[in-house]
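Read through the structure below, which is laid out as structure tokens, and then see the notes.
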Amino acid sequence: MTDGRSWNGNWKVRIHERLEARGFKSLTAFAEAHPSMPFVELAEELGKDDVAGVQVLRGLLAEAEQRKQVTRFVRDVLVRHLAESLPDGWPAKMDRSNRFLVAKAIAFWSTDTPDTHQERIDRARAALRANPPPPGWRPLGPDDELLLTLLPDEEA
């Protein structure tokens, strides 16, 4: 967690300098090397005191828009929020605590998704509620078979 210094100076340049120093040509390449790592942890890898998770999220979205892979980005966002909220995978029992954890992950996913994809998110969320994944399901990346079924690569 940063103390506000992440917004000082040109944070985009700072992130790209850190990526280059680690041998990555893009934020996407860095994120793909750390599949399912939550955004806050990705940010801490780049600079514990001066890079914020939301900056990583924004950078990844900008790169996805350039590559016309926003749907893949949207799936990746869900993977990372599920990994943070449900590190042991989809719960076998949907008690109050687990319902909260699932709802939290999906709410953050929806909040972190571009408006262009909100209708698709709503349909995917309804499908997950109607037909929950098997217990222990934990997507390890945006190309997970179930995620591809929920959100195929056609751009919205």
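Ligands are numbered from 1 in the order shown, chains are lettered A, B, ... in the order of the structure tokens, and residues start at 1 in each chain.
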Considering only C-alpha atoms, tabulate each residue of range 33-95 of chain A that lies at most 8 Å from range 100-104 of chain A along with its nearest interatomic pair and the corresponding distance in Å to one decimal; arrange the rows by chain and ascending residue number and present them as a tab-separated table.
```
residue	atom	partner	partner_atom	distance
A:Leu82	CA	A:Val102	CA	7.6
A:Ser85	CA	A:Leu101	CA	5.7
A:Leu86	CA	A:Leu101	CA	6.8
```
Let me see the file: selected residues, C-alpha atoms, as a PDB file, in the first residue's frame.
```pdb
ATOM      1  CA  LEU A  82     -10.919 -14.034  -7.668  1.00  0.00           C
ATOM      2  CA  SER A  85     -10.811 -12.920  -2.641  1.00  0.00           C
ATOM      3  CA  LEU A  86     -10.879 -16.708  -3.133  1.00  0.00           C
TER       4      LEU A  86
END
```
With only C-alpha atoms as the atoms that count, which of A:Leu46, A:Leu128, A:Met94, A:Ile121 lies nearest to Val74 in chain A?
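Ranking A:Leu46, A:Leu128, A:Met94, A:Ile121 by distance to Val74 in chain A, first place goes to A:Ile121.
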Might you pull out every residue within 12 Å of Trp11 in chain A, with only C-alpha atoms counted and same-chain residues fewer than 4 positions away left off, and present them as a PyMOL selection string?
chain A and resi 4-7+15-18+43+46-47+50-56+58-59
Nearest to Pro152 in chain A: which of A:Arg96, A:Arg129, A:His81, A:Arg75 is it, counting only C-alpha atoms?
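Among the listed residues, A:Arg75 lies closest to Pro152 in chain A.
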